[in-house]
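A.B. asks: Mind having a look at this structure? Questions to follow.
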Amino acid sequence: MKKYIRNYIASTAMITVLLGCLNSYGQDKKQELSISVGGPGSFLKYNTPGNVVPGNGINAGIRYSYYLSESVSLGIGAEYQTYKSDVKFNSISGRYAATDAENENFQFRYSATGLRETQKLGYINVPVSIQFETPGTTQLYLAAGAKVGFAVNGTYESKMENLTTSGYFPQYNVELFSPAFAGFASTNNVQTAKEDLDTEVSYSATFETGVKQKIGDKSAIYIGVYLDYGLNNIYDKSSNKNFVQYNPELPVQLKQNSVLESPFASNVRLVSYGLKLRFAIR
């Protein structure tokens, strides 16, 4: 939560700079103000032995452009973008050293089948780009640049057809599959509550191209396609967590961490693409 507050402050500062540009907006035709909506492809892309199903998202934003010439402009903006991905595993398992409530050392083991995890993120992106346009009433345009994104919300939740946990005690050469209050059980149809997903600042390359149709002297409509591709890992974990976390306090309450926090995922990047519609005035 503290990181989200810091990101709100940082994104607000960037938007304040944009509003400073907008305050200077007037009758000068070297300036253009536009609002946009885009989508639908928007997801988290990462390396995993599971099957990642890209989800959909939308973006909505505002952009201020200053024309260096009739065909070249520099732009800065602010937008809100949502991202969603599902990851599926037929089976997933792990084991690690643990200590129970009686201070006995053992190996905690878990195995899950039919796992599906849904991840959702919300980012405030601040794009900076350069745009080229052809002359005329109906123009072709090409824009390219970079975006910095600040996470403002993020959640994950998971479902499992079955979760089996056990404890292997090498000192007794025995593996316990019960009792449940000790954290050892086989449970069907496990569903976790929605949990926060804490991600880092995102840096992306952005491209957009399409047609700009002028409407009179002061307004225009843009219809184009765009691609935003993440350049950095937004889940830079210092250490891998176990997907199923053992807690020795009785009765044992097991915690299911996100796949992104575990060794089963790495190099998490944000990707967005689709159609973009802009309305602009000069």
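Just remember, in the structure tokens the first chain shown is A, the second B, etc., residues are 1-based per chain, and ligands are 1-based in the order shown.
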Within 10 Å of segment 89-113 of chain A, which residues of segment 136-251 of chain A come that close, and what is the closest atom pair and distance in Å for each? Count only C-alpha atoms and give it as a tab-separated table.
C.D. replies:
```
residue	atom	partner	partner_atom	distance
A:Lys159	CA	A:Thr113	CA	9.6
A:Met160	CA	A:Thr113	CA	6.1
A:Glu161	CA	A:Thr113	CA	5.7
A:Asn162	CA	A:Thr113	CA	5.4
A:Leu163	CA	A:Ala112	CA	4.5
A:Thr164	CA	A:Ser111	CA	5.3
A:Thr165	CA	A:Tyr110	CA	4.3
A:Ser166	CA	A:Arg109	CA	5.2
A:Gly167	CA	A:Phe108	CA	4.7
A:Tyr168	CA	A:Gln107	CA	5.0
A:Phe169	CA	A:Phe106	CA	4.7
A:Pro170	CA	A:Phe106	CA	6.8
A:Gln171	CA	A:Phe106	CA	8.3
A:Tyr172	CA	A:Phe106	CA	9.9
A:Val174	CA	A:Phe106	CA	9.9
A:Glu175	CA	A:Gln107	CA	9.0
A:Leu176	CA	A:Phe108	CA	9.8
A:Phe177	CA	A:Arg109	CA	9.7
A:Ala182	CA	A:Asp100	CA	8.1
A:Gly183	CA	A:Phe108	CA	9.2
A:Phe184	CA	A:Phe108	CA	8.9
A:Ala185	CA	A:Tyr110	CA	9.6
A:Ser186	CA	A:Ser111	CA	9.3
A:Thr187	CA	A:Ala112	CA	9.6
A:Asn188	CA	A:Thr113	CA	9.5
A:Asn189	CA	A:Thr113	CA	9.9
A:Val190	CA	A:Ala112	CA	9.5
A:Asn242	CA	A:Gly94	CA	7.8
A:Phe243	CA	A:Gly94	CA	8.0
A:Val244	CA	A:Tyr110	CA	7.1
A:Gln245	CA	A:Phe108	CA	9.3
A:Tyr246	CA	A:Phe108	CA	7.5
A:Asn247	CA	A:Asp100	CA	8.0
A:Pro248	CA	A:Asp100	CA	4.8
A:Glu249	CA	A:Ala101	CA	5.8
A:Leu250	CA	A:Ala101	CA	6.8
A:Pro251	CA	A:Ala101	CA	9.4
```
A.B. asks: Mind checking DSSP for segment 9-143 of chain A and telling me the strand (DSSP E or B) residues as an MDAnalysis selection string?
C.D. replies: chainID A and resid 31:47 51:54 56 59:67 72:99 105:133 138:143
A.B. asks: Write out the residues from the selection above, keeping C-alpha atoms, as a JSON list (two decimals), in the first residue's frame.
C.D. replies:
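File selection27.json, as written:
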```
[["chain", "number", "residue", "atom", "x", "y", "z"],
["A", 31, "GLN", "CA", -0.25, 23.27, -30.10],
["A", 32, "GLU", "CA", -2.67, 20.36, -30.10],
["A", 33, "LEU", "CA", -4.72, 18.81, -27.31],
["A", 34, "SER", "CA", -6.25, 15.35, -27.69],
["A", 35, "ILE", "CA", -8.12, 12.70, -25.71],
["A", 36, "SER", "CA", -7.94, 9.02, -26.56],
["A", 37, "VAL", "CA", -9.23, 5.53, -25.82],
["A", 38, "GLY", "CA", -7.59, 2.27, -26.84],
["A", 39, "GLY", "CA", -7.58, -1.50, -26.53],
["A", 40, "PRO", "CA", -8.29, -4.36, -26.27],
["A", 41, "GLY", "CA", -5.05, -6.39, -25.92],
["A", 42, "SER", "CA", -3.37, -5.68, -22.58],
["A", 43, "PHE", "CA", -1.61, -8.27, -20.45],
["A", 44, "LEU", "CA", 1.36, -9.43, -18.36],
["A", 45, "LYS", "CA", 3.95, -11.39, -20.35],
["A", 46, "TYR", "CA", 6.43, -13.63, -18.48],
["A", 47, "ASN", "CA", 8.43, -16.83, -18.59],
["A", 51, "ASN", "CA", 0.25, -21.64, -20.04],
["A", 52, "VAL", "CA", -0.26, -17.87, -19.98],
["A", 53, "VAL", "CA", -3.53, -16.68, -21.50],
["A", 54, "PRO", "CA", -3.27, -12.99, -22.45],
["A", 56, "ASN", "CA", -7.84, -7.68, -22.30],
["A", 59, "ASN", "CA", -6.62, 2.75, -21.79],
["A", 60, "ALA", "CA", -7.91, 6.30, -21.68],
["A", 61, "GLY", "CA", -5.76, 9.40, -21.69],
["A", 62, "ILE", "CA", -4.95, 12.95, -22.61],
["A", 63, "ARG", "CA", -2.07, 14.24, -24.75],
["A", 64, "TYR", "CA", -0.49, 17.63, -25.33],
["A", 65, "SER", "CA", 1.54, 18.14, -28.53],
["A", 66, "TYR", "CA", 3.74, 20.99, -29.69],
["A", 67, "TYR", "CA", 4.43, 21.24, -33.43],
["A", 72, "VAL", "CA", 6.63, 17.00, -36.79],
["A", 73, "SER", "CA", 5.38, 17.33, -33.21],
["A", 74, "LEU", "CA", 6.54, 16.41, -29.72],
["A", 75, "GLY", "CA", 3.97, 15.08, -27.27],
["A", 76, "ILE", "CA", 3.55, 14.29, -23.58],
["A", 77, "GLY", "CA", 0.51, 12.73, -21.99],
["A", 78, "ALA", "CA", -1.07, 10.80, -19.15],
["A", 79, "GLU", "CA", -3.26, 7.71, -19.36],
["A", 80, "TYR", "CA", -4.78, 5.01, -17.23],
["A", 81, "GLN", "CA", -4.18, 1.45, -18.48],
["A", 82, "THR", "CA", -5.50, -1.89, -17.18],
["A", 83, "TYR", "CA", -3.79, -5.26, -17.69],
["A", 84, "LYS", "CA", -4.96, -8.83, -17.17],
["A", 85, "SER", "CA", -3.47, -12.32, -17.56],
["A", 86, "ASP", "CA", -4.45, -15.87, -16.62],
["A", 87, "VAL", "CA", -1.88, -18.59, -16.07],
["A", 88, "LYS", "CA", -2.84, -22.27, -16.02],
["A", 89, "PHE", "CA", -0.99, -25.36, -14.76],
["A", 90, "ASN", "CA", -2.13, -28.94, -15.09],
["A", 91, "SER", "CA", -0.05, -29.63, -11.99],
["A", 92, "ILE", "CA", 2.45, -27.81, -9.80],
["A", 93, "SER", "CA", 4.45, -29.09, -6.83],
["A", 94, "GLY", "CA", 7.23, -28.18, -4.45],
["A", 95, "ARG", "CA", 9.01, -29.08, -1.22],
["A", 96, "TYR", "CA", 11.14, -27.21, 1.28],
["A", 97, "ALA", "CA", 12.46, -27.35, 4.85],
["A", 98, "ALA", "CA", 10.12, -26.19, 7.61],
["A", 99, "THR", "CA", 9.64, -26.38, 11.38],
["A", 105, "ASN", "CA", 12.17, -30.05, 11.57],
["A", 106, "PHE", "CA", 10.54, -31.64, 8.52],
["A", 107, "GLN", "CA", 10.11, -31.28, 4.78],
["A", 108, "PHE", "CA", 6.84, -29.62, 3.77],
["A", 109, "ARG", "CA", 5.48, -30.94, 0.47],
["A", 110, "TYR", "CA", 2.63, -29.68, -1.68],
["A", 111, "SER", "CA", 1.03, -30.66, -4.98],
["A", 112, "ALA", "CA", -1.75, -28.78, -6.79],
["A", 113, "THR", "CA", -3.73, -29.84, -9.86],
["A", 114, "GLY", "CA", -5.91, -27.74, -12.16],
["A", 115, "LEU", "CA", -4.38, -24.45, -11.02],
["A", 116, "ARG", "CA", -5.56, -21.20, -12.57],
["A", 117, "GLU", "CA", -4.41, -17.77, -11.38],
["A", 118, "THR", "CA", -5.80, -14.43, -12.57],
["A", 119, "GLN", "CA", -3.66, -11.31, -12.30],
["A", 120, "LYS", "CA", -4.97, -7.76, -12.76],
["A", 121, "LEU", "CA", -3.03, -4.50, -12.73],
["A", 122, "GLY", "CA", -3.82, -0.81, -13.11],
["A", 123, "TYR", "CA", -1.11, 1.66, -14.17],
["A", 124, "ILE", "CA", -0.88, 5.38, -14.76],
["A", 125, "ASN", "CA", 1.40, 5.77, -17.77],
["A", 126, "VAL", "CA", 3.17, 8.95, -18.83],
["A", 127, "PRO", "CA", 4.12, 8.75, -22.54],
["A", 128, "VAL", "CA", 6.60, 11.00, -24.33],
["A", 129, "SER", "CA", 6.74, 10.68, -28.13],
["A", 130, "ILE", "CA", 7.54, 12.26, -31.46],
["A", 131, "GLN", "CA", 4.97, 12.22, -34.26],
["A", 132, "PHE", "CA", 5.36, 12.56, -38.04],
["A", 133, "GLU", "CA", 2.43, 13.46, -40.32],
["A", 138, "THR", "CA", -6.47, 13.14, -44.77],
["A", 139, "GLN", "CA", -3.04, 12.40, -43.32],
["A", 140, "LEU", "CA", -0.98, 9.37, -42.45],
["A", 141, "TYR", "CA", 0.83, 9.59, -39.10],
["A", 142, "LEU", "CA", 3.51, 7.65, -37.24],
["A", 143, "ALA", "CA", 4.37, 8.18, -33.57]]
```
A.B. asks: Distance atom CA of Gln253 of chain A-atom CA of Ala193 of chain A, one decimal place?
C.D. replies: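 The value is 13.3 Å.
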A.B. asks: Enumerate, in order of chain and increasing residue number, the residues of segment 151-198 of chain A with an atom no farther than 10 Å from segment 217-240 of chain A, each with its shortest atom pair and distance in Å to one decimal, counting only C-alpha atoms, as CSV.
C.D. replies:
```
residue,atom,partner,partner_atom,distance
A:Ala151,CA,A:Ile234,CA,9.5
A:Leu197,CA,A:Tyr235,CA,9.5
A:Asp198,CA,A:Tyr235,CA,7.8
```
A.B. asks: Determine the nearest neighbour of Phe181 of chain A from the options A:Ala205, A:Leu254, A:Val152, A:Val211, counting only C-alpha atoms.
C.D. replies: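 Once distances to Phe181 of chain A are computed over only C-alpha atoms, the minimum belongs to A:Leu254.
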A.B. asks: Just give me the gap between atom CA of Ala146 of chain A and atom CA of Arg269 of chain A in Å, one decimal is fine.
C.D. replies: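 Atom CA of Arg269 of chain A lies 14.5 Å from atom CA of Ala146 of chain A.
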A.B. asks: Go through A:Lys241, A:Phe207, A:Ile215, A:Glu200 and flag the residue nearest Lys255 of chain A, using only C-alpha atoms for the distances.
C.D. replies: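 Comparing A:Lys241, A:Phe207, A:Ile215, A:Glu200 against Lys255 of chain A, the winner is A:Lys241.
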